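Down below is the structure, laid out as structure tokens.
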Amino acid sequence: MYKLALSALISLMFASTALTATAAQAADGAGSKKHHVKKVKARGPVRVAAAEPGERVVKRVIKVNGRRKVVYQRMIVAAPAVPTMGDLAGLNMTHDPLDLKSNVALVLDQANSEVLFEKNSNVALPIASITKMMTGLVVVEAKQNMDEILSISDEDVDREKFSSSRLKVGTQLSRADMLHIALMSSENRASSALGRNYPGGKTAFVEAMNAKARELGMVDTHYVDSSGLSKMNVASARDLAKLAMAAYQQPILRQYSTDAKAMVETNGRPMQFGTTNHLVANPDWAIGLQKTGFINEAGRCLMMQAVIEGRSVIMVFLDSKGKQSRTADAGRMRKWLEALKPAALSTPLSSPSSYSTGM
């Protein structure tokens, strides 16, 4: 009886030990397994270039713990780089001492129109939204009622470049606010509404733009709309310098174009807009007038008045490559001007060019 009880006790002890060992092995195995598991992080969309832009979903096969797993990933297919009109004209082959990223550049002394730097400055190219500075000049000189309420209509919707806008059809703003966000934020629908609400409509407004260009001696300039969305809005850097000097005489154009941000009332509701030129908010810069521009055919463009080392200058950069390249070129130009004594600027720094430099 004693042997039977002892045998049963020993059997129970072995069973308990086996269970403990099995549990430990299971726990250790789980830990080991957990240690070797590779987490597959969800990846964001991948951007690649292809002939047909758009968004696609691609199938990928990966291995997790030695096992094959199928995952799906969004892929944004970007359109291939489109050559600008400047590139097509071969202007990208022109080199300059400052290694600017802009195909065209011009810097003038505002006081006497002395050329301090130039690069392909007589070539007429698409100017994109720099067009809006002429739009503003025509509106101001026409002495239209700035408090008049204008409405965004279906005619103001961009059906050429299909650009986006925060101003929905039916949005109502004063003419002053339309002009403000057109110059500061490059609002295309606001620019269109300004032209459409000119006496005689858009056609008469474009005629007034071209007439003003002729009056200012802008011989290489032609406008077809009030926003700059068309590649047919063209001008040379020298012409734009003349426009900048004329626009600078209008305080409202100086103020509106150099505001970093502003709140406007759209249908009774406040909406904040910001500048397209980050330099205006930079305390190291003293900018009195500016306008940026971009469409594929024009590249990145910038027209600006600034005070550097006590000298008021007009800067124009056209057909620059890269989102920040135009302002980077302005920075390079500023450093060059700061490093030179005024007497050294009597001879302009120029790049080799086959174009006439007569102004």
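Order determines the names: the first chain of the structure tokens is A, the second B, and so forth; residues in each chain are numbered 1 upward, and ligands are numbered 1 upward as they are shown.
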
(message) Applying 7 Å and only C-alpha atoms, which residues near region 98-103 of chain A remain after dropping the ones on its own chain fewer than 3 positions away? List them as a PyMOL selection string.
(response) chain A and resi 86+91-92+95+317-321+325-326+329

Take the residues that were just selected and, keeping N, CA and C atoms, output them as a CSV table (one decimal), in the first residue's frame.
```csv
chain,number,residue,atom,x,y,z
A,86,GLY,N,12.4,78.8,-71.9
A,86,GLY,CA,13.8,79.2,-71.9
A,86,GLY,C,14.7,78.1,-72.2
A,91,LEU,N,18.5,78.8,-73.5
A,91,LEU,CA,19.1,79.7,-72.5
A,91,LEU,C,19.7,79.0,-71.3
A,92,ASN,N,19.4,77.7,-71.1
A,92,ASN,CA,20.0,77.0,-70.0
A,92,ASN,C,21.5,76.7,-70.3
A,95,HIS,N,26.0,80.4,-69.0
A,95,HIS,CA,26.5,80.4,-67.6
A,95,HIS,C,26.8,81.8,-67.1
A,317,PHE,N,14.2,87.7,-61.9
A,317,PHE,CA,14.7,86.3,-62.1
A,317,PHE,C,13.6,85.6,-62.9
A,318,LEU,N,13.9,85.0,-64.0
A,318,LEU,CA,12.9,84.3,-64.8
A,318,LEU,C,13.4,82.9,-65.1
A,319,ASP,N,12.5,81.9,-65.2
A,319,ASP,CA,12.8,80.6,-65.6
A,319,ASP,C,13.9,79.9,-64.7
A,320,SER,N,13.5,79.9,-63.4
A,320,SER,CA,14.4,79.3,-62.5
A,320,SER,C,13.9,77.9,-62.2
A,321,LYS,N,14.8,76.9,-61.9
A,321,LYS,CA,14.5,75.6,-61.7
A,321,LYS,C,14.5,75.2,-60.2
A,325,SER,N,14.5,78.0,-55.8
A,325,SER,CA,15.7,78.5,-56.5
A,325,SER,C,15.6,80.0,-56.8
A,326,ARG,N,14.5,80.5,-57.1
A,326,ARG,CA,14.4,82.0,-57.4
A,326,ARG,C,14.8,82.8,-56.2
A,329,ASP,N,18.5,82.5,-55.7
A,329,ASP,CA,19.2,83.4,-56.6
A,329,ASP,C,19.2,84.8,-56.1
```

(request) May I have the residues within 10 Å of Ala286 (chain A) as a PyMOL selection string, using only C-alpha atoms and disregarding those fewer than 4 positions away in the same chain? (result) chain A and resi 258+279-282+305-308+312

Generate the output file for the selected residues, all heavy atoms, as a PDB file, in the first residue's frame.
```pdb
ATOM      1  N   THR A 258       3.605  93.019 -50.462  1.00  0.00           N
ATOM      2  CA  THR A 258       4.616  92.680 -49.445  1.00  0.00           C
ATOM      3  C   THR A 258       4.024  92.294 -48.097  1.00  0.00           C
ATOM      4  O   THR A 258       4.759  92.120 -47.130  1.00  0.00           O
ATOM      5  CB  THR A 258       5.592  93.852 -49.247  1.00  0.00           C
ATOM      6  OG1 THR A 258       4.864  95.021 -48.855  1.00  0.00           O
ATOM      7  CG2 THR A 258       6.367  94.135 -50.519  1.00  0.00           C
ATOM      8  N   LEU A 279      10.498  85.529 -48.467  1.00  0.00           N
ATOM      9  CA  LEU A 279      11.475  86.561 -48.138  1.00  0.00           C
ATOM     10  C   LEU A 279      10.835  87.793 -47.521  1.00  0.00           C
ATOM     11  O   LEU A 279      11.493  88.527 -46.767  1.00  0.00           O
ATOM     12  CB  LEU A 279      12.266  86.968 -49.388  1.00  0.00           C
ATOM     13  CG  LEU A 279      13.191  85.914 -50.007  1.00  0.00           C
ATOM     14  CD1 LEU A 279      13.931  86.507 -51.198  1.00  0.00           C
ATOM     15  CD2 LEU A 279      14.173  85.366 -48.982  1.00  0.00           C
ATOM     16  N   VAL A 280       9.549  88.040 -47.807  1.00  0.00           N
ATOM     17  CA  VAL A 280       8.933  89.262 -47.293  1.00  0.00           C
ATOM     18  C   VAL A 280       8.794  89.221 -45.769  1.00  0.00           C
ATOM     19  O   VAL A 280       8.704  90.267 -45.123  1.00  0.00           O
ATOM     20  CB  VAL A 280       7.561  89.531 -47.944  1.00  0.00           C
ATOM     21  CG1 VAL A 280       7.693  89.661 -49.452  1.00  0.00           C
ATOM     22  CG2 VAL A 280       6.541  88.450 -47.585  1.00  0.00           C
ATOM     23  N   ALA A 281       8.769  88.021 -45.203  1.00  0.00           N
ATOM     24  CA  ALA A 281       8.666  87.885 -43.747  1.00  0.00           C
ATOM     25  C   ALA A 281      10.037  87.739 -43.092  1.00  0.00           C
ATOM     26  O   ALA A 281      10.120  87.615 -41.871  1.00  0.00           O
ATOM     27  CB  ALA A 281       7.789  86.684 -43.400  1.00  0.00           C
ATOM     28  N   ASN A 282      11.078  87.764 -43.890  1.00  0.00           N
ATOM     29  CA  ASN A 282      12.438  87.622 -43.369  1.00  0.00           C
ATOM     30  C   ASN A 282      12.958  88.993 -42.932  1.00  0.00           C
ATOM     31  O   ASN A 282      13.097  89.901 -43.767  1.00  0.00           O
ATOM     32  CB  ASN A 282      13.347  87.039 -44.458  1.00  0.00           C
ATOM     33  CG  ASN A 282      14.726  86.694 -43.956  1.00  0.00           C
ATOM     34  OD1 ASN A 282      15.241  87.321 -43.042  1.00  0.00           O
ATOM     35  ND2 ASN A 282      15.333  85.678 -44.558  1.00  0.00           N
ATOM     36  N   GLN A 305      11.586  94.558 -55.643  1.00  0.00           N
ATOM     37  CA  GLN A 305      12.334  95.753 -55.287  1.00  0.00           C
ATOM     38  C   GLN A 305      12.833  95.553 -53.876  1.00  0.00           C
ATOM     39  O   GLN A 305      12.094  95.100 -53.003  1.00  0.00           O
ATOM     40  CB  GLN A 305      11.443  97.003 -55.361  1.00  0.00           C
ATOM     41  CG  GLN A 305      12.166  98.317 -55.128  1.00  0.00           C
ATOM     42  CD  GLN A 305      12.317  98.714 -53.647  1.00  0.00           C
ATOM     43  OE1 GLN A 305      11.788  98.060 -52.757  1.00  0.00           O
ATOM     44  NE2 GLN A 305      13.038  99.783 -53.397  1.00  0.00           N
ATOM     45  N   ALA A 306      14.099  95.875 -53.627  1.00  0.00           N
ATOM     46  CA  ALA A 306      14.668  95.689 -52.295  1.00  0.00           C
ATOM     47  C   ALA A 306      15.761  96.715 -52.065  1.00  0.00           C
ATOM     48  O   ALA A 306      16.325  97.278 -53.019  1.00  0.00           O
ATOM     49  CB  ALA A 306      15.228  94.274 -52.141  1.00  0.00           C
ATOM     50  N   VAL A 307      16.060  96.961 -50.809  1.00  0.00           N
ATOM     51  CA  VAL A 307      17.147  97.859 -50.441  1.00  0.00           C
ATOM     52  C   VAL A 307      18.296  97.005 -49.914  1.00  0.00           C
ATOM     53  O   VAL A 307      18.135  96.253 -48.947  1.00  0.00           O
ATOM     54  CB  VAL A 307      16.707  98.876 -49.370  1.00  0.00           C
ATOM     55  CG1 VAL A 307      17.887  99.777 -48.975  1.00  0.00           C
ATOM     56  CG2 VAL A 307      15.547  99.723 -49.885  1.00  0.00           C
ATOM     57  N   ILE A 308      19.455  97.117 -50.565  1.00  0.00           N
ATOM     58  CA  ILE A 308      20.637  96.332 -50.199  1.00  0.00           C
ATOM     59  C   ILE A 308      21.812  97.280 -50.019  1.00  0.00           C
ATOM     60  O   ILE A 308      22.165  98.018 -50.951  1.00  0.00           O
ATOM     61  CB  ILE A 308      20.955  95.281 -51.277  1.00  0.00           C
ATOM     62  CG1 ILE A 308      19.774  94.307 -51.427  1.00  0.00           C
ATOM     63  CG2 ILE A 308      22.224  94.518 -50.934  1.00  0.00           C
ATOM     64  CD1 ILE A 308      19.928  93.312 -52.554  1.00  0.00           C
ATOM     65  N   SER A 312      18.682 101.058 -53.404  1.00  0.00           N
ATOM     66  CA  SER A 312      17.420 100.478 -53.858  1.00  0.00           C
ATOM     67  C   SER A 312      17.640  99.835 -55.219  1.00  0.00           C
ATOM     68  O   SER A 312      18.102 100.505 -56.157  1.00  0.00           O
ATOM     69  CB  SER A 312      16.333 101.554 -53.952  1.00  0.00           C
ATOM     70  OG  SER A 312      16.038 102.086 -52.678  1.00  0.00           O
TER      71      SER A 312
END
```

(request) Measuring atom to atom with only C-alpha atoms, identify which of A:Ser113, A:Ser185, A:Thr131, A:Gln324 is nearest to Phe273 (chain A). (result) A:Ser185

(request) Just the residues within 12 Å of Ala204 (chain A), please, counting only C-alpha atoms, with nothing from its chain fewer than 4 positions along; format it as a PyMOL selection string. (result) chain A and resi 138+194-200+208-211+223-226

(request) Output as a list in words all residues of region 77-107 of chain A that backbone DSSP marks as strand (DSSP E). (result) Val77, Ala78, Ser102, Asn103, Val104, Ala105, Leu106 and Val107 of chain A

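For region 262-266 of chain A, the list of residues within 8 Å, based on only C-alpha atoms and with local chain neighbours fewer than 5 positions off taken out, reads Thr171, Gln172, Leu173, Asp177, Met271, Gln272, Phe273 and Gly274 of chain A.
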
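Residues within 10 Å of Met85 (chain A), counting only C-alpha atoms and excluding same-chain residues fewer than 3 positions away, are Val82, Leu88, Ala89, Gly90, Leu91, Ala124, Leu125, Pro126, Lys231, Asn296, Glu297, Ala298, Gly299 and Asp319 of chain A.
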
Selected residues, all heavy atoms, written as a CSV table (one decimal), in the first residue's frame, please.
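Contents of part-v5.csv, as written:
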```csv
chain,number,residue,atom,x,y,z
A,82,VAL,N,8.9,68.9,-67.7
A,82,VAL,CA,8.6,69.5,-69.0
A,82,VAL,C,9.6,70.7,-69.2
A,82,VAL,O,9.8,71.5,-68.3
A,82,VAL,CB,7.2,70.1,-68.9
A,82,VAL,CG1,6.9,70.8,-70.2
A,82,VAL,CG2,6.2,69.0,-68.7
A,88,LEU,N,14.0,75.5,-74.1
A,88,LEU,CA,13.8,75.2,-75.5
A,88,LEU,C,14.5,76.2,-76.4
A,88,LEU,O,15.0,75.9,-77.5
A,88,LEU,CB,12.3,75.2,-75.9
A,88,LEU,CG,11.4,74.1,-75.3
A,88,LEU,CD1,10.0,74.3,-75.6
A,88,LEU,CD2,11.9,72.7,-75.8
A,89,ALA,N,14.7,77.4,-75.9
A,89,ALA,CA,15.5,78.5,-76.6
A,89,ALA,C,17.0,78.3,-76.4
A,89,ALA,O,17.7,79.1,-76.9
A,89,ALA,CB,15.0,79.9,-76.2
A,90,GLY,N,17.4,77.4,-75.5
A,90,GLY,CA,18.8,77.2,-75.3
A,90,GLY,C,19.4,78.1,-74.2
A,90,GLY,O,20.6,78.1,-74.0
A,91,LEU,N,18.5,78.8,-73.5
A,91,LEU,CA,19.1,79.7,-72.5
A,91,LEU,C,19.7,79.0,-71.3
A,91,LEU,O,20.6,79.6,-70.6
A,91,LEU,CB,17.9,80.6,-71.9
A,91,LEU,CG,17.2,81.5,-72.9
A,91,LEU,CD1,16.2,82.4,-72.2
A,91,LEU,CD2,18.2,82.3,-73.8
A,124,ALA,N,12.3,87.6,-74.4
A,124,ALA,CA,10.9,87.6,-74.0
A,124,ALA,C,10.5,86.1,-73.7
A,124,ALA,O,10.6,85.3,-74.5
A,124,ALA,CB,9.9,88.2,-75.0
A,125,LEU,N,10.0,85.9,-72.4
A,125,LEU,CA,9.6,84.6,-72.0
A,125,LEU,C,8.3,84.6,-71.3
A,125,LEU,O,7.9,85.7,-70.8
A,125,LEU,CB,10.7,84.0,-71.0
A,125,LEU,CG,12.1,83.7,-71.5
A,125,LEU,CD1,13.0,83.2,-70.4
A,125,LEU,CD2,12.0,82.6,-72.6
A,126,PRO,N,7.6,83.5,-71.1
A,126,PRO,CA,6.4,83.5,-70.3
A,126,PRO,C,6.7,84.0,-68.9
A,126,PRO,O,7.8,83.6,-68.3
A,126,PRO,CB,6.0,82.0,-70.3
A,126,PRO,CG,6.6,81.5,-71.5
A,126,PRO,CD,7.9,82.2,-71.7
A,231,LYS,N,0.7,80.8,-71.3
A,231,LYS,CA,2.1,80.9,-71.7
A,231,LYS,C,2.3,82.1,-72.6
A,231,LYS,O,3.4,82.5,-72.9
A,231,LYS,CB,2.7,79.6,-72.3
A,231,LYS,CG,2.0,79.2,-73.6
A,231,LYS,CD,2.6,77.9,-74.1
A,231,LYS,CE,2.0,77.6,-75.4
A,231,LYS,NZ,2.5,76.3,-76.0
A,296,ASN,N,4.5,75.7,-65.9
A,296,ASN,CA,5.5,74.8,-66.4
A,296,ASN,C,6.4,75.5,-67.5
A,296,ASN,O,7.6,75.3,-67.5
A,296,ASN,CB,4.9,73.6,-66.9
A,296,ASN,CG,4.4,72.6,-65.8
A,296,ASN,OD1,4.9,72.6,-64.7
A,296,ASN,ND2,3.4,71.9,-66.1
A,297,GLU,N,5.7,76.2,-68.3
A,297,GLU,CA,6.4,76.8,-69.5
A,297,GLU,C,7.3,78.0,-69.0
A,297,GLU,O,8.3,78.3,-69.7
A,297,GLU,CB,5.4,77.4,-70.5
A,297,GLU,CG,4.5,76.3,-71.1
A,297,GLU,CD,3.2,76.1,-70.4
A,297,GLU,OE1,3.2,76.5,-69.2
A,297,GLU,OE2,2.3,75.5,-71.0
A,298,ALA,N,7.0,78.6,-67.9
A,298,ALA,CA,7.8,79.7,-67.4
A,298,ALA,C,8.9,79.4,-66.4
A,298,ALA,O,9.8,80.2,-66.2
A,298,ALA,CB,6.9,80.8,-66.8
A,299,GLY,N,8.7,78.3,-65.7
A,299,GLY,CA,9.6,78.0,-64.6
A,299,GLY,C,9.3,78.9,-63.4
A,299,GLY,O,8.2,79.6,-63.4
A,319,ASP,N,12.5,81.9,-65.2
A,319,ASP,CA,12.8,80.6,-65.6
A,319,ASP,C,13.9,79.9,-64.7
A,319,ASP,O,14.9,79.5,-65.2
A,319,ASP,CB,13.3,80.6,-67.1
A,319,ASP,CG,13.3,79.2,-67.7
A,319,ASP,OD1,12.8,78.3,-67.0
A,319,ASP,OD2,13.8,79.0,-68.8
```

(request) Name the closest residue to Lys119 (chain A) among the candidates A:Ala237, A:Ile152, A:Val70, A:Ala339; distances are taken between atoms, counting only C-alpha atoms. (result) A:Ala237

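Reported to one decimal place, the separation of CA of Leu137 (chain A) from CA of Asp156 (chain A) is 19.8 Å.
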
(request) Output as number ranges by chain all residues of region 53-281 of chain A that backbone DSSP marks as alpha helix (DSSP H). (result) A: 85-88, 131-141, 175-184, 188-196, 201-215, 237-247, 251-258

(message) Can you pull out the residues contacting Thr221 (chain A)? Cut-off 12 Å, using only C-alpha atoms, and skip same-chain residues under 4 positions away; I want them as a ChimeraX atom specification.
(response) /A:122-127,130-131,134,209-217,232-243

Using C-alpha atoms, can you write the selected residues to a file as a compact mmCIF listing (two decimals), in the first residue's frame?
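Ended up saving to part_31.txt:
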```
# COMPACT_ATOMS: atom_id res chain seq x y z
CA ASN A 122 16.30 91.02 -73.43
CA VAL A 123 14.66 87.65 -74.11
CA ALA A 124 10.87 87.59 -73.96
CA LEU A 125 9.64 84.56 -71.98
CA PRO A 126 6.40 83.51 -70.28
CA ILE A 127 6.11 85.40 -66.98
CA ILE A 130 4.13 88.26 -62.52
CA THR A 131 1.37 89.27 -64.95
CA MET A 134 0.27 94.74 -64.41
CA MET A 209 -2.74 96.02 -69.97
CA ASN A 210 -1.04 96.02 -73.36
CA ALA A 211 -1.60 99.76 -73.76
CA LYS A 212 0.07 100.39 -70.40
CA ALA A 213 2.98 98.18 -71.42
CA ARG A 214 3.48 100.26 -74.57
CA GLU A 215 3.27 103.45 -72.52
CA LEU A 216 6.06 102.18 -70.23
CA GLY A 217 8.24 101.21 -73.19
CA MET A 232 1.24 83.70 -74.11
CA ASN A 233 1.79 86.31 -71.38
CA VAL A 234 5.40 87.17 -72.15
CA ALA A 235 7.95 89.85 -71.27
CA SER A 236 11.69 90.35 -71.00
CA ALA A 237 13.46 91.00 -67.72
CA ARG A 238 14.20 94.55 -68.86
CA ASP A 239 10.52 95.16 -69.49
CA LEU A 240 9.61 93.80 -66.07
CA ALA A 241 12.10 96.13 -64.43
CA LYS A 242 10.20 99.03 -66.02
CA LEU A 243 6.94 97.57 -64.72
```

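With CA of Cys301 (chain A) on one side and CA of Ser121 (chain A) on the other, the separation reads 13.2 Å.
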
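The coordinates place CA of Arg74 (chain A) at 6.4 Å from CA of Val58 (chain A).
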
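If only C-alpha atoms are the atoms counted, then among A:Lys202, A:Leu229, A:Val57, A:Leu108 the closest residue to Leu337 (chain A) is A:Leu108.
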
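Using only C-alpha atoms, the contacts of Val316 (chain A) at a cut-off of 7 Å, with sequence neighbours closer than 3 positions omitted, comprise Ala105, Leu106, Val107, Ala237, Ala241, Leu302, Met303 and Met304 of chain A.
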
Export of the given selection (C-alpha atoms) as an mmCIF file, in the first residue's frame:
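For reference, out.cif as written:
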```
data_model
loop_
_atom_site.group_PDB
_atom_site.id
_atom_site.type_symbol
_atom_site.label_atom_id
_atom_site.label_comp_id
_atom_site.auth_asym_id
_atom_site.auth_seq_id
_atom_site.Cartn_x
_atom_site.Cartn_y
_atom_site.Cartn_z
ATOM 1 C CA ALA A 105 18.358 87.653 -64.481
ATOM 2 C CA LEU A 106 18.573 91.418 -64.239
ATOM 3 C CA VAL A 107 19.485 93.799 -61.412
ATOM 4 C CA ALA A 237 13.455 91.003 -67.719
ATOM 5 C CA ALA A 241 12.098 96.130 -64.429
ATOM 6 C CA LEU A 302 10.433 86.563 -59.280
ATOM 7 C CA MET A 303 10.247 90.340 -59.642
ATOM 8 C CA MET A 304 11.277 92.351 -56.589
#
```

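Checking A:Glu141, A:Glu187, A:Asp259, A:Asp96 one by one against Asp158 (chain A), counting only C-alpha atoms, you find the shortest gap at A:Glu187.
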